[in-house]
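Q: Structure: data23.cif, mmCIF, C-alpha atoms.
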```
data_my_file
loop_
_atom_site.label_atom_id
_atom_site.label_comp_id
_atom_site.auth_asym_id
_atom_site.auth_seq_id
_atom_site.Cartn_x
_atom_site.Cartn_y
_atom_site.Cartn_z
CA MET D 5 0.00 0.00 0.00
CA VAL D 6 3.07 2.26 0.02
CA ALA D 7 4.58 4.03 -2.95
CA ALA D 8 8.26 3.15 -2.76
CA SER D 9 11.12 3.92 -5.09
CA PRO D 10 13.67 1.06 -5.10
CA ASN D 11 16.55 3.10 -3.71
CA PRO D 12 16.88 6.39 -1.82
CA ILE D 13 17.39 9.41 -4.03
CA HIS D 14 21.06 10.31 -3.84
CA ASN D 15 20.57 14.08 -3.54
CA GLU D 16 18.38 13.84 -0.46
CA LYS D 17 19.57 15.64 2.64
CA ILE D 18 20.05 13.49 5.74
CA GLU D 19 20.33 15.49 8.95
CA ALA D 20 20.56 14.37 12.57
CA ILE D 21 18.05 16.31 14.66
CA GLU D 22 17.29 15.74 18.33
CA LEU D 23 13.77 14.34 18.22
CA PRO D 24 11.38 14.68 21.17
CA VAL D 25 11.75 12.13 23.96
CA ILE D 26 8.91 12.06 26.48
CA ASP D 27 9.09 10.38 29.88
CA LEU D 28 5.60 9.08 30.61
CA SER D 29 6.44 8.76 34.32
CA ALA D 30 6.91 12.53 34.66
CA GLU D 31 4.27 14.91 36.05
CA ARG D 32 1.09 14.49 34.00
CA SER D 33 0.49 18.12 33.08
CA GLN D 34 4.05 18.36 31.80
CA VAL D 35 3.74 15.14 29.82
CA ARG D 36 0.52 16.16 28.06
CA ASN D 37 1.97 19.54 27.07
CA LEU D 38 5.14 17.94 25.71
CA ILE D 39 3.13 15.43 23.68
CA VAL D 40 0.97 18.16 22.13
CA LYS D 41 4.06 20.18 21.21
CA ALA D 42 5.75 17.13 19.67
CA CYS D 43 2.61 16.37 17.63
CA GLU D 44 2.52 19.96 16.39
CA ASP D 45 6.23 20.25 15.60
CA TYR D 46 7.04 16.80 14.23
CA GLY D 47 4.02 14.51 14.46
CA PHE D 48 6.56 12.14 15.99
CA PHE D 49 8.16 11.43 19.37
CA LYS D 50 9.68 8.70 21.53
CA VAL D 51 8.18 7.54 24.82
CA ILE D 52 10.22 6.07 27.66
CA ASN D 53 9.16 4.71 31.06
CA HIS D 54 5.98 3.60 29.32
CA GLY D 55 5.10 0.72 31.63
CA VAL D 56 5.03 -2.02 28.98
CA PRO D 57 6.59 -5.16 30.54
CA GLN D 58 9.76 -6.27 28.80
CA ASP D 59 8.70 -9.93 28.85
CA ILE D 60 5.71 -9.12 26.60
CA VAL D 61 8.08 -7.64 24.02
CA ALA D 62 10.62 -10.46 24.40
CA LYS D 63 8.03 -13.21 23.88
CA LEU D 64 6.79 -11.65 20.67
CA GLU D 65 10.29 -11.00 19.37
CA GLU D 66 11.25 -14.63 19.97
CA GLN D 67 8.17 -15.93 18.16
CA SER D 68 8.62 -13.48 15.29
CA LEU D 69 12.27 -14.26 14.69
CA SER D 70 11.44 -17.96 14.73
CA PHE D 71 8.90 -17.43 11.93
CA PHE D 72 11.12 -15.24 9.76
CA ALA D 73 13.97 -17.79 10.09
CA LYS D 74 11.86 -20.39 8.26
CA THR D 75 12.35 -21.30 4.62
CA MET D 76 10.50 -19.23 2.05
CA ALA D 77 8.23 -22.17 1.23
CA GLU D 78 7.22 -22.47 4.88
CA LYS D 79 6.61 -18.74 5.26
CA GLN D 80 4.51 -18.57 2.12
CA ARG D 81 1.99 -20.89 3.75
CA ALA D 82 0.93 -17.82 5.76
CA GLY D 83 0.37 -15.73 2.63
CA PRO D 84 -0.25 -14.09 0.34
CA ALA D 85 -1.00 -10.83 2.15
CA ILE D 86 -4.40 -9.72 0.77
CA PRO D 87 -3.89 -7.65 2.84
CA LEU D 88 -3.58 -9.86 5.97
CA GLY D 89 -0.95 -12.57 6.24
CA TYR D 90 2.62 -12.95 5.00
CA GLY D 91 4.11 -10.74 2.33
CA CYS D 92 7.58 -10.46 0.83
CA LYS D 93 8.69 -7.32 -1.03
CA THR D 94 5.24 -6.71 -2.49
CA ILE D 95 3.47 -4.02 -0.42
CA GLY D 96 -0.24 -3.63 -1.06
CA PHE D 97 -2.02 -4.08 -4.39
CA ASN D 98 -0.67 -1.32 -6.63
CA GLY D 99 2.87 -2.35 -7.49
CA ASP D 100 4.69 -0.92 -4.48
CA MET D 101 7.86 -2.77 -3.49
CA GLY D 102 10.34 -2.78 -0.64
CA GLU D 103 13.22 -4.78 0.85
CA VAL D 104 11.00 -6.21 3.57
CA GLU D 105 9.03 -9.26 4.55
CA TYR D 106 6.15 -8.95 6.97
CA LEU D 107 3.12 -10.37 8.75
CA LEU D 108 -0.03 -8.23 8.93
CA PHE D 109 -2.84 -8.93 11.40
CA ASN D 110 -6.20 -7.55 12.34
CA THR D 111 -5.97 -7.08 16.10
CA ASN D 112 -9.11 -9.10 16.88
CA PRO D 113 -7.92 -12.04 19.07
CA ILE D 114 -10.05 -14.55 17.18
CA SER D 115 -8.56 -13.39 13.88
CA VAL D 116 -5.04 -13.58 15.34
CA ALA D 117 -5.64 -17.11 16.65
CA GLN D 118 -7.00 -18.31 13.30
CA ARG D 119 -4.13 -16.82 11.30
CA SER D 120 -1.53 -18.21 13.71
CA LYS D 121 -2.41 -21.73 12.56
CA THR D 122 -0.65 -21.09 9.24
CA ILE D 123 2.25 -19.21 10.83
CA SER D 124 3.53 -21.36 13.67
CA ASN D 125 3.93 -25.01 14.62
CA GLU D 126 2.80 -23.82 18.06
CA PRO D 127 -0.11 -21.58 17.07
CA THR D 128 -1.45 -21.12 20.61
CA LYS D 129 1.93 -19.90 21.83
CA PHE D 130 2.36 -17.59 18.84
CA SER D 131 -1.19 -16.23 19.12
CA SER D 132 -0.76 -15.60 22.84
CA ALA D 133 2.45 -13.62 22.23
CA VAL D 134 0.86 -11.50 19.49
CA SER D 135 -2.39 -10.82 21.35
CA GLY D 136 -0.56 -10.02 24.59
CA TYR D 137 1.57 -7.45 22.81
CA ILE D 138 -1.43 -5.97 20.99
CA GLU D 139 -3.32 -5.52 24.25
CA ALA D 140 -0.33 -3.72 25.79
CA MET D 141 -0.09 -1.46 22.75
CA LYS D 142 -3.80 -0.69 22.85
CA ASP D 143 -3.51 0.37 26.50
CA LEU D 144 -0.47 2.53 25.76
CA ALA D 145 -2.09 4.12 22.70
CA CYS D 146 -5.23 4.97 24.68
CA GLU D 147 -3.15 6.49 27.48
CA ILE D 148 -1.29 8.69 24.99
CA LEU D 149 -4.54 9.66 23.25
CA ASP D 150 -6.11 10.62 26.59
CA LEU D 151 -3.07 12.77 27.36
CA ILE D 152 -3.54 14.43 23.96
CA GLY D 153 -7.19 15.12 24.78
CA GLU D 154 -6.14 16.71 28.07
CA GLY D 155 -3.37 18.70 26.40
CA LEU D 156 -5.77 20.08 23.81
CA TRP D 157 -8.23 21.08 26.55
CA VAL D 158 -11.17 19.46 24.81
CA PRO D 159 -14.24 18.83 27.03
CA ASP D 160 -14.28 15.10 26.25
CA THR D 161 -10.69 13.99 26.81
CA SER D 162 -11.47 10.43 25.71
CA VAL D 163 -12.74 11.53 22.30
CA PHE D 164 -9.76 9.86 20.58
CA SER D 165 -9.20 6.80 22.76
CA ARG D 166 -12.88 5.85 22.75
CA MET D 167 -12.56 4.96 19.06
CA ILE D 168 -9.72 2.54 19.84
CA ARG D 169 -11.49 0.98 22.83
CA ASP D 170 -14.60 0.36 20.72
CA VAL D 171 -15.04 -3.39 20.22
CA GLU D 172 -15.54 -2.73 16.51
CA ASN D 173 -12.19 -0.92 16.14
CA ASP D 174 -10.32 -1.71 12.92
CA SER D 175 -6.81 -1.59 14.39
CA PHE D 176 -3.99 -3.48 12.70
CA PHE D 177 -0.67 -4.92 13.78
CA ARG D 178 2.36 -5.51 11.59
CA LEU D 179 5.62 -7.37 12.09
CA ASN D 180 8.30 -6.12 9.68
CA HIS D 181 11.53 -8.00 9.04
CA TYR D 182 14.31 -6.33 7.04
CA PRO D 183 16.88 -9.08 6.37
CA HIS D 184 20.43 -7.95 5.73
CA HIS D 185 20.32 -10.35 2.79
CA LEU D 186 16.73 -10.94 1.75
CA ASN D 187 15.99 -14.51 0.72
CA LYS D 188 16.75 -14.97 -2.97
CA ASP D 189 13.44 -16.80 -3.41
CA CYS D 190 11.61 -13.48 -3.04
CA THR D 191 10.49 -12.19 -6.40
CA ASN D 192 11.49 -8.95 -8.12
CA ASN D 193 14.95 -8.75 -6.58
CA ILE D 194 16.02 -5.11 -6.23
CA ASN D 195 19.49 -4.07 -7.41
CA SER D 196 21.92 -5.10 -4.67
CA SER D 197 24.64 -2.59 -5.56
CA CYS D 198 23.27 0.03 -3.17
CA SER D 199 24.17 -0.46 0.52
CA SER D 200 20.99 1.26 1.75
CA LYS D 201 17.80 0.14 0.08
CA VAL D 202 14.26 1.22 0.77
CA GLY D 203 12.76 -1.38 3.04
CA PHE D 204 9.40 0.35 3.41
CA GLY D 205 8.87 3.38 1.20
CA ALA D 206 8.03 6.96 2.16
CA HIS D 207 4.44 7.29 3.35
CA ASN D 208 2.09 8.73 5.93
CA ASP D 209 0.16 6.35 8.16
CA PRO D 210 -3.58 6.68 7.52
CA GLN D 211 -4.80 5.73 11.00
CA ILE D 212 -5.05 7.77 14.23
CA LEU D 213 -1.76 6.85 15.87
CA THR D 214 1.08 4.37 15.35
CA LEU D 215 3.27 2.80 18.04
CA LEU D 216 6.53 1.38 16.70
CA ARG D 217 9.17 -0.67 18.46
CA SER D 218 12.28 -2.07 16.77
CA ASN D 219 15.33 -4.06 17.76
CA ASP D 220 18.75 -2.42 17.98
CA VAL D 221 19.20 -2.06 14.21
CA GLY D 222 18.46 1.40 12.80
CA GLY D 223 16.71 2.34 9.57
CA LEU D 224 13.66 4.42 10.49
CA GLN D 225 13.64 8.00 9.15
CA ILE D 226 11.11 10.82 9.22
CA SER D 227 10.73 13.73 6.82
CA PRO D 228 9.74 16.95 8.61
CA GLN D 229 10.02 18.84 5.31
CA ASP D 230 10.40 18.00 1.65
CA GLY D 231 13.83 16.67 0.76
CA LEU D 232 14.99 16.35 4.38
CA TRP D 233 15.22 13.02 6.18
CA VAL D 234 15.98 12.65 9.88
CA PRO D 235 17.11 9.30 11.31
CA ALA D 236 15.19 8.02 14.34
CA PRO D 237 17.80 6.12 16.39
CA SER D 238 16.85 2.60 17.40
CA ASP D 239 16.01 2.02 21.06
CA PRO D 240 14.60 -1.42 21.89
CA THR D 241 13.43 -0.21 25.31
CA ALA D 242 11.26 2.61 23.95
CA PHE D 243 8.44 3.21 21.47
CA TRP D 244 8.28 5.72 18.65
CA VAL D 245 4.86 7.33 18.28
CA ASN D 246 3.66 8.98 15.10
CA VAL D 247 0.56 10.95 14.23
CA GLY D 248 -1.62 9.50 11.46
CA ASP D 249 -3.87 11.14 8.89
CA LEU D 250 -7.03 10.75 11.00
CA LEU D 251 -5.51 12.59 13.95
CA GLN D 252 -4.37 15.38 11.64
CA ALA D 253 -7.92 15.66 10.33
CA MET D 254 -9.52 15.59 13.78
CA THR D 255 -7.20 18.34 15.03
CA ASN D 256 -7.92 20.37 11.87
CA GLY D 257 -4.30 20.30 10.79
CA ARG D 258 -2.88 21.35 14.16
CA PHE D 259 -1.10 17.99 14.40
CA VAL D 260 1.06 16.71 11.54
CA SER D 261 0.78 13.26 9.99
CA VAL D 262 4.49 12.61 9.64
CA ARG D 263 6.01 11.19 6.47
CA HIS D 264 8.43 8.37 7.20
CA ARG D 265 10.22 5.38 5.73
CA ALA D 266 12.47 2.48 6.70
CA LEU D 267 15.80 1.77 5.02
CA ASN D 268 17.35 -1.67 4.88
CA ASN D 269 21.11 -1.28 5.25
CA SER D 270 22.52 -4.38 3.65
CA SER D 271 25.93 -3.75 5.26
CA ASN D 272 24.47 -4.66 8.66
CA SER D 273 25.33 -8.16 9.88
CA LYS D 274 22.03 -8.25 11.79
CA SER D 275 18.54 -7.91 10.40
CA ARG D 276 16.19 -5.18 11.54
CA MET D 277 12.81 -6.14 12.93
CA SER D 278 10.03 -3.78 13.92
CA MET D 279 6.58 -4.15 15.47
CA ALA D 280 3.95 -1.58 14.49
CA TYR D 281 0.54 -1.15 16.11
CA PHE D 282 -1.88 1.02 14.14
CA ALA D 283 -4.61 2.48 16.38
CA THR D 284 -7.68 2.69 14.14
CA PRO D 285 -11.38 3.49 14.69
CA PRO D 286 -14.35 1.38 13.57
CA LEU D 287 -15.19 1.45 9.87
CA ASN D 288 -18.34 3.51 10.50
CA ALA D 289 -16.60 6.06 12.75
CA CYS D 290 -17.14 9.62 11.52
CA ILE D 291 -13.90 11.56 11.27
CA ASN D 292 -14.47 15.28 11.69
CA SER D 293 -12.48 18.22 12.99
CA LEU D 294 -13.23 18.75 16.67
CA PRO D 295 -15.29 21.93 17.24
CA GLU D 296 -12.55 23.30 19.52
CA MET D 297 -10.08 23.07 16.65
CA VAL D 298 -12.19 25.17 14.25
CA THR D 299 -12.21 28.97 14.51
CA PRO D 300 -12.95 31.88 12.16
CA GLU D 301 -9.19 32.26 11.78
CA LYS D 302 -8.73 28.51 11.23
CA PRO D 303 -11.80 27.25 9.30
CA ARG D 304 -12.42 23.56 8.85
CA LEU D 305 -9.80 22.06 6.53
CA TYR D 306 -11.42 18.68 5.90
CA LYS D 307 -14.94 17.55 5.16
CA PRO D 308 -16.36 14.78 7.39
CA PHE D 309 -15.73 11.20 6.27
CA THR D 310 -15.83 7.74 7.75
CA TRP D 311 -12.79 5.56 8.30
CA GLY D 312 -14.41 3.06 5.90
CA GLU D 313 -14.49 5.68 3.14
CA TYR D 314 -10.89 6.64 3.82
CA LYS D 315 -9.78 3.01 3.91
CA ASN D 316 -11.41 2.37 0.52
CA THR D 317 -9.41 5.28 -0.86
CA LEU D 318 -6.21 3.67 0.44
CA TYR D 319 -6.74 0.57 -1.66
CA SER D 320 -7.31 2.60 -4.82
CA LEU D 321 -4.10 4.67 -4.58
CA ARG D 322 -0.38 4.33 -4.27
CA LEU D 323 -0.17 5.46 -0.72
CA GLY D 324 2.99 7.48 -1.08
CA ASP D 325 0.61 10.17 -2.31
CA THR D 326 -0.97 12.68 0.05
CA ARG D 327 -4.45 11.31 0.66
CA LEU D 328 -5.97 13.92 2.97
CA ASN D 329 -6.02 16.43 0.12
CA LEU D 330 -8.82 14.36 -1.42
CA PHE D 331 -10.94 15.17 1.63
CA ARG D 332 -10.29 18.92 1.77
CA ALA D 333 -13.33 20.99 2.65
CA SER D 334 -14.77 23.19 -0.08
CA THR D 335 -15.70 26.82 0.49
CA SER D 336 -19.34 25.81 0.93
CA ASP D 337 -18.34 23.21 3.52
CA GLU D 338 -16.43 25.86 5.48
CA LEU D 339 -19.38 28.24 5.42
CA ALA D 340 -21.71 25.52 6.67
CA SER D 341 -19.43 24.51 9.54
#
```
Using structure tokens, write down the structure from this file.
A:
Amino acid sequence: MVAASPNPIHNEKIEAIELPVIDLSAERSQVRNLIVKACEDYGFFKVINHGVPQDIVAKLEEQSLSFFAKTMAEKQRAGPAIPLGYGCKTIGFNGDMGEVEYLLFNTNPISVAQRSKTISNEPTKFSSAVSGYIEAMKDLACEILDLIGEGLWVPDTSVFSRMIRDVENDSFFRLNHYPHHLNKDCTNNINSSCSSKVGFGAHNDPQILTLLRSNDVGGLQISPQDGLWVPAPSDPTAFWVNVGDLLQAMTNGRFVSVRHRALNNSSNSKSRMSMAYFATPPLNACINSLPEMVTPEKPRLYKPFTWGEYKNTLYSLRLGDTRLNLFRASTSDELAS
């Protein structure tokens, strides 16, 4: 689903910038203000002292590495990704490619358990590790979203998290594996002469919020402005948080849906693996700018839409494109708001 060029453009500017790091154990009013500022400035920040038990992460990492160490024939039993399941290099339905293999899940425990039967020889153990991690991510995402609600001073501080807690939420979970030498059985082998290849191409996440954890191999980069890429250093003990399109729309553009990508550095002797939780509302959830975010000086930027409508748009486009522009409010919409 991501528009990816095979290799990074050589004239891009790479610059190390100190990205926001937020200690969730600090005083709550300070934390919420720092989160709001990070969402406004970068749409991206790292959280530490987050309360997620290390054993939950370790169990999932062990199960994941065991799967990705299998032969290609064994892994392909869990695919193809349409969109759920195992995928290798092919991302989505519109010809996008990357130096990555992955497993994509709906976060519903029943769905996870069913899919685990084609993934692991011990499906109950694998399913338990995935669902335990997902539940921890859901709790962390909702805590961050509640802090955002408080920091924005909206009357209903659970306006964001309620969508994720809804039993009909459409949240997804993805395990990404960026092998330092991707299995030759994968199709459409990308030119190996470049030491840094695009593992997952430049894109904006469409959902509300993403929580990303990776091992100690780097590769994640964000683009705070066109032509500039900033590395996000790996930290296995922390989580990177990024704003998605829906949160940008709900805050009427006050928050930024950050453009990002993952590079696969083939010179590494160790493969990179990341775990991404995408906090997503139900399909019928109406996405609209909060009234507190709309003023005469800042009229409504986006017309109301449902997540289902937005999701359908995703499958019809190469998602490296800016999608929110398709939902911009017209002059008549602004006058009616």
Q: Any chance you could work out the axis-aligned box around range 272-277 of chain D, listed atoms only, 5 Å on each side, giving centre and edge lengths in Å to one decimal, as JSON?
A:
```
{"center_x": 19.1, "center_y": -6.5, "center_z": 10.8, "size_x": 22.5, "size_y": 13.6, "size_z": 14.3}
```
Q: Which is closer to Glu105 in chain D than all the others in D:Lys50, D:Ser275, D:Ala133, D:Ala242, using all atoms listed in the file?
A: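 For Glu105 in chain D, the nearest of the candidates is D:Ser275.
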Q: Under the rule that all atoms listed in the file are counted, which of D:Leu287, D:Val245, D:Val221, D:Cys43 is the nearest residue to Glu172 in chain D?
A: D:Leu287
Q: Return the single residue from D:Leu267, D:Pro300, D:Leu108, D:Tyr281 that is closest to Phe243 in chain D, with distances computed using only C-alpha atoms.
A: D:Tyr281
Q: Between D:Asp143, D:Glu31, D:Glu126, D:Glu296, which one has atoms that come closest to Pro159 in chain D, using only C-alpha atoms?
A: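 For Pro159 in chain D, the nearest of the candidates is D:Glu296.
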Q: In terms of the shortest atom-to-atom distance over only C-alpha atoms, which of D:Asp220, D:Ala140, D:Pro240, D:Thr284 is closest to Ser165 in chain D?
A: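 Closest candidate: D:Thr284.
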Q: Need the shell around Leu38 in chain D: protein/DNA/RNA residues with any atom at most 10 Å away, counting only C-alpha atoms. Skip same-chain ones fewer than 2 positions apart. Format as a ChimeraX atom specification?
A: /D:24-27,32-36,40-44,49,151-152,155
Q: Anything within 12 Å of (5.2, 21.8, 5.5): list those residues as a PyMOL selection string, counting all atoms listed in the file and sticking to the file's coordinates.
A: chain D and resi 44-47+227-232+257-263
Q: Starting from the shown file, work through the PyMOL selection byres ((chain D and resi 20) around 12) and note down what comes out as a list in words.
A: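 Selected by the PyMOL selection byres ((chain D and resi 20) around 12) here: Lys17, Ile18, Glu19, Ile21, Glu22, Leu23, Gln225, Ile226, Ser227, Pro228, Leu232, Trp233, Val234, Pro235, Ala236 and Pro237 of chain D.
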Q: Counting all atoms listed in the file, find the residues whose atoms lie at most 9 Å from (-14.4, 19.6, 17.4) (file coordinates) and write them out as number ranges by chain.
A: D: 158, 254-256, 292-298
Q: Determine the residue set returned by the PyMOL selection byres ((chain D and resi 329) around 12) for the present structure, and present it as JSON, numbers by chain.
A: {"D": [249, 252, 253, 257, 305, 306, 307, 314, 317, 325, 326, 327, 328, 330, 331, 332, 333, 334]}
Q: Using only C-alpha atoms, can you tell me which of D:Asn173, D:Ser273, D:Gln211, D:Lys63 comes closest to Leu251 in chain D?
A: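 The shortest atom-to-atom distance to Leu251 in chain D comes from D:Gln211.
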Q: Name every residue that the PyMOL selection byres ((chain D and resi 81) around 12) selects in this structure, writing the answer as a short mmCIF file (atom, residue, chain, number, x, y, z; two decimals) with C-alpha atoms, in the coordinates of the input with chains first and numbers rising.
A:
```
data_model
loop_
_atom_site.label_atom_id
_atom_site.label_comp_id
_atom_site.auth_asym_id
_atom_site.auth_seq_id
_atom_site.Cartn_x
_atom_site.Cartn_y
_atom_site.Cartn_z
CA PHE D 71 8.90 -17.43 11.93
CA LYS D 74 11.86 -20.39 8.26
CA THR D 75 12.35 -21.30 4.62
CA MET D 76 10.50 -19.23 2.05
CA ALA D 77 8.23 -22.17 1.23
CA GLU D 78 7.22 -22.47 4.88
CA LYS D 79 6.61 -18.74 5.26
CA GLN D 80 4.51 -18.57 2.12
CA ALA D 82 0.93 -17.82 5.76
CA GLY D 83 0.37 -15.73 2.63
CA PRO D 84 -0.25 -14.09 0.34
CA ALA D 85 -1.00 -10.83 2.15
CA GLY D 89 -0.95 -12.57 6.24
CA TYR D 90 2.62 -12.95 5.00
CA GLY D 91 4.11 -10.74 2.33
CA LEU D 107 3.12 -10.37 8.75
CA ARG D 119 -4.13 -16.82 11.30
CA SER D 120 -1.53 -18.21 13.71
CA LYS D 121 -2.41 -21.73 12.56
CA THR D 122 -0.65 -21.09 9.24
CA ILE D 123 2.25 -19.21 10.83
CA SER D 124 3.53 -21.36 13.67
CA ASN D 125 3.93 -25.01 14.62
#
```
Q: Take CA of Phe177 in chain D and CA of Pro57 in chain D and report the distance between them in Å, one decimal.
A: 18.3 Å
Q: Would you kindly return, as number ranges by chain, each protein, DNA or RNA residue with an atom no farther than 8 Å from any atom of Val163 in chain D, considering all atoms listed in the file and excluding same-chain residues fewer than 4 positions away?
A: D: 150, 153, 167
